[in-house]
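Source file: target.tsv. Holds: TSV, C-alpha atoms.
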chain	number	residue	atom	x	y	z
L	1	MET	CA	-2.02	1.05	-2.01
L	2	HIS	CA	-0.05	3.57	-4.06
L	3	GLY	CA	-1.19	7.14	-3.42
L	4	ALA	CA	-3.31	6.20	-0.40
L	5	GLN	CA	-3.30	8.35	2.67
L	6	PRO	CA	-1.58	7.24	5.90
L	7	ASP	CA	-3.52	5.36	8.61
L	8	ASN	CA	-2.94	8.09	11.20
L	9	PRO	CA	-6.40	9.29	12.45
L	10	THR	CA	-5.36	12.96	12.32
L	11	ALA	CA	-4.00	12.55	8.78
L	12	PRO	CA	-7.33	13.19	6.97
L	13	LEU	CA	-7.84	16.51	8.76
L	14	ARG	CA	-4.24	17.58	8.21
L	15	THR	CA	-4.44	16.46	4.59
L	16	SER	CA	-7.65	18.45	4.07
L	17	LEU	CA	-6.17	21.57	5.65
L	18	VAL	CA	-3.02	21.38	3.54
L	19	ARG	CA	-5.06	20.81	0.38
L	20	ALA	CA	-7.34	23.72	1.28
L	21	GLY	CA	-4.29	25.94	1.70
L	22	LEU	CA	-2.91	24.80	-1.65
L	23	ALA	CA	-6.30	25.41	-3.26
L	24	LEU	CA	-6.32	28.99	-1.93
L	25	VAL	CA	-2.86	29.57	-3.41
L	26	VAL	CA	-4.00	28.12	-6.75
L	27	ILE	CA	-7.13	30.30	-6.70
L	28	ALA	CA	-5.00	33.39	-6.03
L	29	CYS	CA	-2.70	32.43	-8.91
L	30	GLY	CA	-5.65	31.86	-11.24
L	31	LEU	CA	-7.31	35.17	-10.37
L	32	SER	CA	-3.99	36.98	-10.73
L	33	LEU	CA	-3.47	35.41	-14.13
L	34	ARG	CA	-6.94	36.46	-15.30
L	35	TRP	CA	-6.69	40.00	-13.91
L	36	TYR	CA	-3.04	40.81	-14.63
L	37	GLY	CA	-2.08	38.42	-17.44
L	38	PHE	CA	-3.05	40.71	-20.31
L	39	PRO	CA	-1.75	43.92	-18.68
L	40	LEU	CA	1.59	42.16	-18.12
L	41	GLY	CA	1.70	41.29	-21.81
L	42	LEU	CA	1.22	37.55	-21.46
L	43	PRO	CA	-0.10	35.85	-24.60
L	44	ALA	CA	-3.85	35.11	-24.73
L	45	PHE	CA	-3.03	31.40	-24.97
L	46	VAL	CA	-1.23	31.51	-21.60
L	47	VAL	CA	-3.99	33.50	-19.90
L	48	LYS	CA	-6.87	31.39	-21.23
L	49	TYR	CA	-5.42	27.91	-20.93
L	50	GLY	CA	-3.33	28.74	-17.86
L	51	GLY	CA	-6.59	29.71	-16.18
L	52	SER	CA	-8.17	26.41	-17.23
L	53	LEU	CA	-5.15	24.50	-15.97
L	54	LEU	CA	-5.31	26.26	-12.59
L	55	TRP	CA	-9.10	25.76	-12.42
L	56	ALA	CA	-8.66	21.98	-12.81
L	57	THR	CA	-5.84	21.95	-10.24
L	58	MET	CA	-8.21	23.72	-7.85
L	59	VAL	CA	-10.97	21.18	-8.55
L	60	PHE	CA	-8.58	18.28	-7.82
L	61	LEU	CA	-7.48	19.89	-4.54
L	62	LEU	CA	-11.03	20.75	-3.43
L	63	VAL	CA	-12.20	17.20	-4.15
L	64	GLY	CA	-9.25	16.11	-1.99
L	65	VAL	CA	-10.38	18.47	0.78
L	66	LEU	CA	-13.84	16.91	0.76
L	67	LEU	CA	-12.64	13.30	0.38
L	68	PRO	CA	-9.25	13.13	2.12
L	69	LYS	CA	-9.18	9.34	2.49
L	70	LEU	CA	-9.35	8.61	-1.24
L	71	SER	CA	-6.21	7.88	-3.22
L	72	ARG	CA	-4.84	10.51	-5.59
L	73	MET	CA	-5.97	8.43	-8.56
L	74	GLN	CA	-9.52	8.27	-7.21
L	75	LEU	CA	-9.46	12.04	-6.63
L	76	ALA	CA	-8.14	12.54	-10.16
L	77	ALA	CA	-10.94	10.40	-11.62
L	78	ILE	CA	-13.55	12.50	-9.83
L	79	ALA	CA	-11.84	15.73	-10.89
L	80	VAL	CA	-11.74	14.55	-14.53
L	81	LEU	CA	-15.44	13.70	-14.35
L	82	ILE	CA	-16.22	17.18	-12.98
L	83	ALA	CA	-14.08	18.83	-15.68
L	84	VAL	CA	-15.80	16.88	-18.46
L	85	VAL	CA	-19.29	17.62	-17.11
L	86	VAL	CA	-18.52	21.33	-16.71
L	87	GLU	CA	-16.99	21.56	-20.20
L	88	PHE	CA	-19.89	19.80	-21.89
L	89	SER	CA	-22.40	21.83	-19.85
L	90	ARG	CA	-21.24	24.80	-21.95
L	91	LEU	CA	-23.18	23.25	-24.81
L	92	VAL	CA	-26.38	23.59	-22.78
L	93	HIS	CA	-28.10	26.94	-23.21
L	94	VAL	CA	-30.96	27.86	-20.93
L	95	PRO	CA	-31.64	31.48	-19.95
L	96	TRP	CA	-30.75	31.21	-16.25
L	97	LEU	CA	-27.51	29.31	-16.94
L	98	ASP	CA	-26.46	31.69	-19.72
L	99	ALA	CA	-27.20	34.63	-17.41
L	100	PHE	CA	-25.00	33.09	-14.70
L	101	ARG	CA	-22.20	32.48	-17.20
L	102	LEU	CA	-22.21	36.21	-18.03
L	103	THR	CA	-21.32	37.05	-14.42
L	104	THR	CA	-17.70	37.04	-13.24
L	105	SER	CA	-18.40	34.12	-10.91
L	106	GLY	CA	-20.13	32.16	-13.65
L	107	ALA	CA	-17.32	32.76	-16.12
L	108	LEU	CA	-14.68	31.70	-13.58
L	109	LEU	CA	-16.56	28.63	-12.32
L	110	LEU	CA	-18.23	27.33	-15.48
L	111	GLY	CA	-16.66	29.18	-18.39
L	112	ARG	CA	-18.58	30.41	-21.38
L	113	ILE	CA	-17.48	28.66	-24.57
L	114	PHE	CA	-17.07	24.93	-25.22
L	115	SER	CA	-13.58	23.88	-26.29
L	116	LEU	CA	-11.89	20.51	-26.33
L	117	TRP	CA	-8.62	22.37	-25.73
L	118	ASN	CA	-9.99	23.32	-22.31
L	119	LEU	CA	-10.25	19.61	-21.53
L	120	VAL	CA	-6.60	19.17	-22.46
L	121	ALA	CA	-5.68	22.05	-20.14
L	122	ASP	CA	-7.90	20.54	-17.45
L	123	LEU	CA	-6.16	17.16	-17.70
L	124	ILE	CA	-2.78	18.84	-17.41
L	125	GLY	CA	-4.08	20.81	-14.42
L	126	ILE	CA	-5.20	17.63	-12.68
L	127	VAL	CA	-1.75	16.12	-13.25
L	128	VAL	CA	-0.27	19.29	-11.72
L	129	GLY	CA	-2.62	18.81	-8.76
L	130	ILE	CA	-1.47	15.22	-8.28
L	131	TRP	CA	2.15	16.36	-8.45
L	132	LEU	CA	1.61	19.22	-5.95
L	133	ASP	CA	-0.27	16.98	-3.56
L	134	SER	CA	2.39	14.27	-3.69
L	135	ARG	CA	5.20	16.81	-3.19
L	136	VAL	CA	3.52	18.31	-0.15
L	137	ALA	CA	2.62	14.88	1.26
L	138	ARG	CA	6.23	13.73	0.92
L	139	ASN	CA	7.34	16.72	2.99
L	140	ARG	CA	4.53	16.21	5.53
L	141	ILE	CA	5.02	12.55	6.39
L	142	PRO	CA	8.17	11.77	8.38
L	143	GLN	CA	10.43	9.38	6.51
L	144	PRO	CA	11.34	6.21	8.47
L	145	ASN	CA	15.09	6.96	8.44
L	146	THR	CA	14.49	10.50	9.71
L	147	LEU	CA	12.21	9.27	12.48
L	148	ASN	CA	14.75	6.64	13.63
L	149	SER	CA	17.60	9.16	13.71
L	150	GLN	CA	15.46	11.58	15.73
L	151	GLN	CA	14.50	8.83	18.19
L	152	ALA	CA	18.13	7.76	18.48
L	153	ALA	CA	19.23	11.34	19.15
L	154	SER	CA	16.56	11.78	21.84
L	155	THR	CA	17.57	8.55	23.63
L	156	ARG	CA	21.21	9.65	23.73
L	157	GLU	CA	20.35	12.85	25.57

What does the file become when written as structure tokens?
Amino acid sequence: MHGAQPDNPTAPLRTSLVRAGLALVVIACGLSLRWYGFPLGLPAFVVKYGGSLLWATMVFLLVGVLLPKLSRMQLAAIAVLIAVVVEFSRLVHVPWLDAFRLTTSGALLLGRIFSLWNLVADLIGIVVGIWLDSRVARNRIPQPNTLNSQQAASTRE
């Protein structure tokens, strides 16, 4: 199955740890963009939609942390569903939810204003998450040719 995780029993734990590490890096990048983007003179478009892109990348990675045995496409489908639900939840206005959205945590987690452009940024962010995850997985899993050359070198010694 394309995008499936290896059958190694320690692979899900290792996969989750790597994804958690990537998610922490993405969170740091997103917070840095929000805090320092305007002072550095970055355009509002980059700060706003870059933050949305990184938020969706984080969601993809965190879903992967929780469900390490699913394929990347399954993780992406769940991440898209979460992004759509969160975006459309911005159309719901109840006092407790609006109060939470006014906090820093609420603004970062749920956002404040509905925008279809956020969904576009979210979809791009999920694609970035798939790409990051596949790049890291490619470097994590020994390639068959590499493994054979290492075994051959160890038998010659």

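Nearest residue to Asn118 of chain L, choosing from L:Tyr49, L:Trp131, L:Trp96, L:Trp55 and counting only C-alpha atoms: L:Tyr49.
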
Extract, using all atoms listed in the file, all DNA, RNA and protein residues at most 12 Å from segment 133-137 of chain L, discarding same-chain residues fewer than 6 positions from it, and format them as a PyMOL selection string.
-> chain L and resi 2-6+11-12+14-23+57-58+60-65+68+71-73+75-76+126-127+143

Output C-alpha atoms for every residue in that selection, as an mmCIF file, in the coordinates of the input.
data_model
loop_
_atom_site.group_PDB
_atom_site.id
_atom_site.type_symbol
_atom_site.label_atom_id
_atom_site.label_comp_id
_atom_site.auth_asym_id
_atom_site.auth_seq_id
_atom_site.Cartn_x
_atom_site.Cartn_y
_atom_site.Cartn_z
ATOM 1 C CA HIS L 2 -0.050 3.570 -4.060
ATOM 2 C CA GLY L 3 -1.190 7.140 -3.420
ATOM 3 C CA ALA L 4 -3.310 6.200 -0.400
ATOM 4 C CA GLN L 5 -3.300 8.350 2.670
ATOM 5 C CA PRO L 6 -1.580 7.240 5.900
ATOM 6 C CA ALA L 11 -4.000 12.550 8.780
ATOM 7 C CA PRO L 12 -7.330 13.190 6.970
ATOM 8 C CA ARG L 14 -4.240 17.580 8.210
ATOM 9 C CA THR L 15 -4.440 16.460 4.590
ATOM 10 C CA SER L 16 -7.650 18.450 4.070
ATOM 11 C CA LEU L 17 -6.170 21.570 5.650
ATOM 12 C CA VAL L 18 -3.020 21.380 3.540
ATOM 13 C CA ARG L 19 -5.060 20.810 0.380
ATOM 14 C CA ALA L 20 -7.340 23.720 1.280
ATOM 15 C CA GLY L 21 -4.290 25.940 1.700
ATOM 16 C CA LEU L 22 -2.910 24.800 -1.650
ATOM 17 C CA ALA L 23 -6.300 25.410 -3.260
ATOM 18 C CA THR L 57 -5.840 21.950 -10.240
ATOM 19 C CA MET L 58 -8.210 23.720 -7.850
ATOM 20 C CA PHE L 60 -8.580 18.280 -7.820
ATOM 21 C CA LEU L 61 -7.480 19.890 -4.540
ATOM 22 C CA LEU L 62 -11.030 20.750 -3.430
ATOM 23 C CA VAL L 63 -12.200 17.200 -4.150
ATOM 24 C CA GLY L 64 -9.250 16.110 -1.990
ATOM 25 C CA VAL L 65 -10.380 18.470 0.780
ATOM 26 C CA PRO L 68 -9.250 13.130 2.120
ATOM 27 C CA SER L 71 -6.210 7.880 -3.220
ATOM 28 C CA ARG L 72 -4.840 10.510 -5.590
ATOM 29 C CA MET L 73 -5.970 8.430 -8.560
ATOM 30 C CA LEU L 75 -9.460 12.040 -6.630
ATOM 31 C CA ALA L 76 -8.140 12.540 -10.160
ATOM 32 C CA ILE L 126 -5.200 17.630 -12.680
ATOM 33 C CA VAL L 127 -1.750 16.120 -13.250
ATOM 34 C CA GLN L 143 10.430 9.380 6.510
#

Can you tell me how far atom CA of Arg90 of chain L sits from atom CA of Ile113 of chain L, in Å to one decimal?
->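 Here the two named atoms are 6.0 Å from each other.
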
Which of these residues is nearest to Ala121 of chain L, using all atoms listed in the file: L:Lys48, L:Arg34, L:Arg138, L:His93?
->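 Ranking L:Lys48, L:Arg34, L:Arg138, L:His93 by distance to Ala121 of chain L, first place goes to L:Lys48.
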
What separates atom CA of Val26 of chain L and atom CA of Phe88 of chain L is a distance of 23.5 Å

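The residue that comes closest to Gly111 of chain L, out of L:Ser52, L:Phe38, L:Gly129, L:Asn139 and on the basis of all atoms listed in the file, is L:Ser52.
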
Provide the atom CA of Leu123 of chain L to atom CA of Ala83 of chain L distance in Å, to one decimal place.
->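 These two atoms are separated by 8.3 Å.
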
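Considering the residues L:Leu70, L:Phe45, L:Leu54, L:Leu102 and counting all atoms listed in the file, Leu132 of chain L has its shortest atom-to-atom contact with L:Leu54.
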
Do you know which residues are at most 8 Å from Arg101 of chain L counting all atoms listed in the file, after dropping those on the same chain fewer than 5 positions away, and could you put them as a PyMOL selection string?
-> chain L and resi 106-107+110-112

Compare L:Leu97, L:Ser115, L:Gly37, L:Ala77 by their minimum atom-to-atom distance to Gly50 of chain L, counting all atoms listed in the file, and give me the closest one.
-> L:Gly37

Axis-aligned box over every listed atom of segment 28-41 of chain L, padded by 3 Å per side: centre and edges in Å to one decimal, as JSON?
{"center_x": -2.8, "center_y": 37.9, "center_z": -13.9, "size_x": 15.0, "size_y": 18.1, "size_z": 21.8}
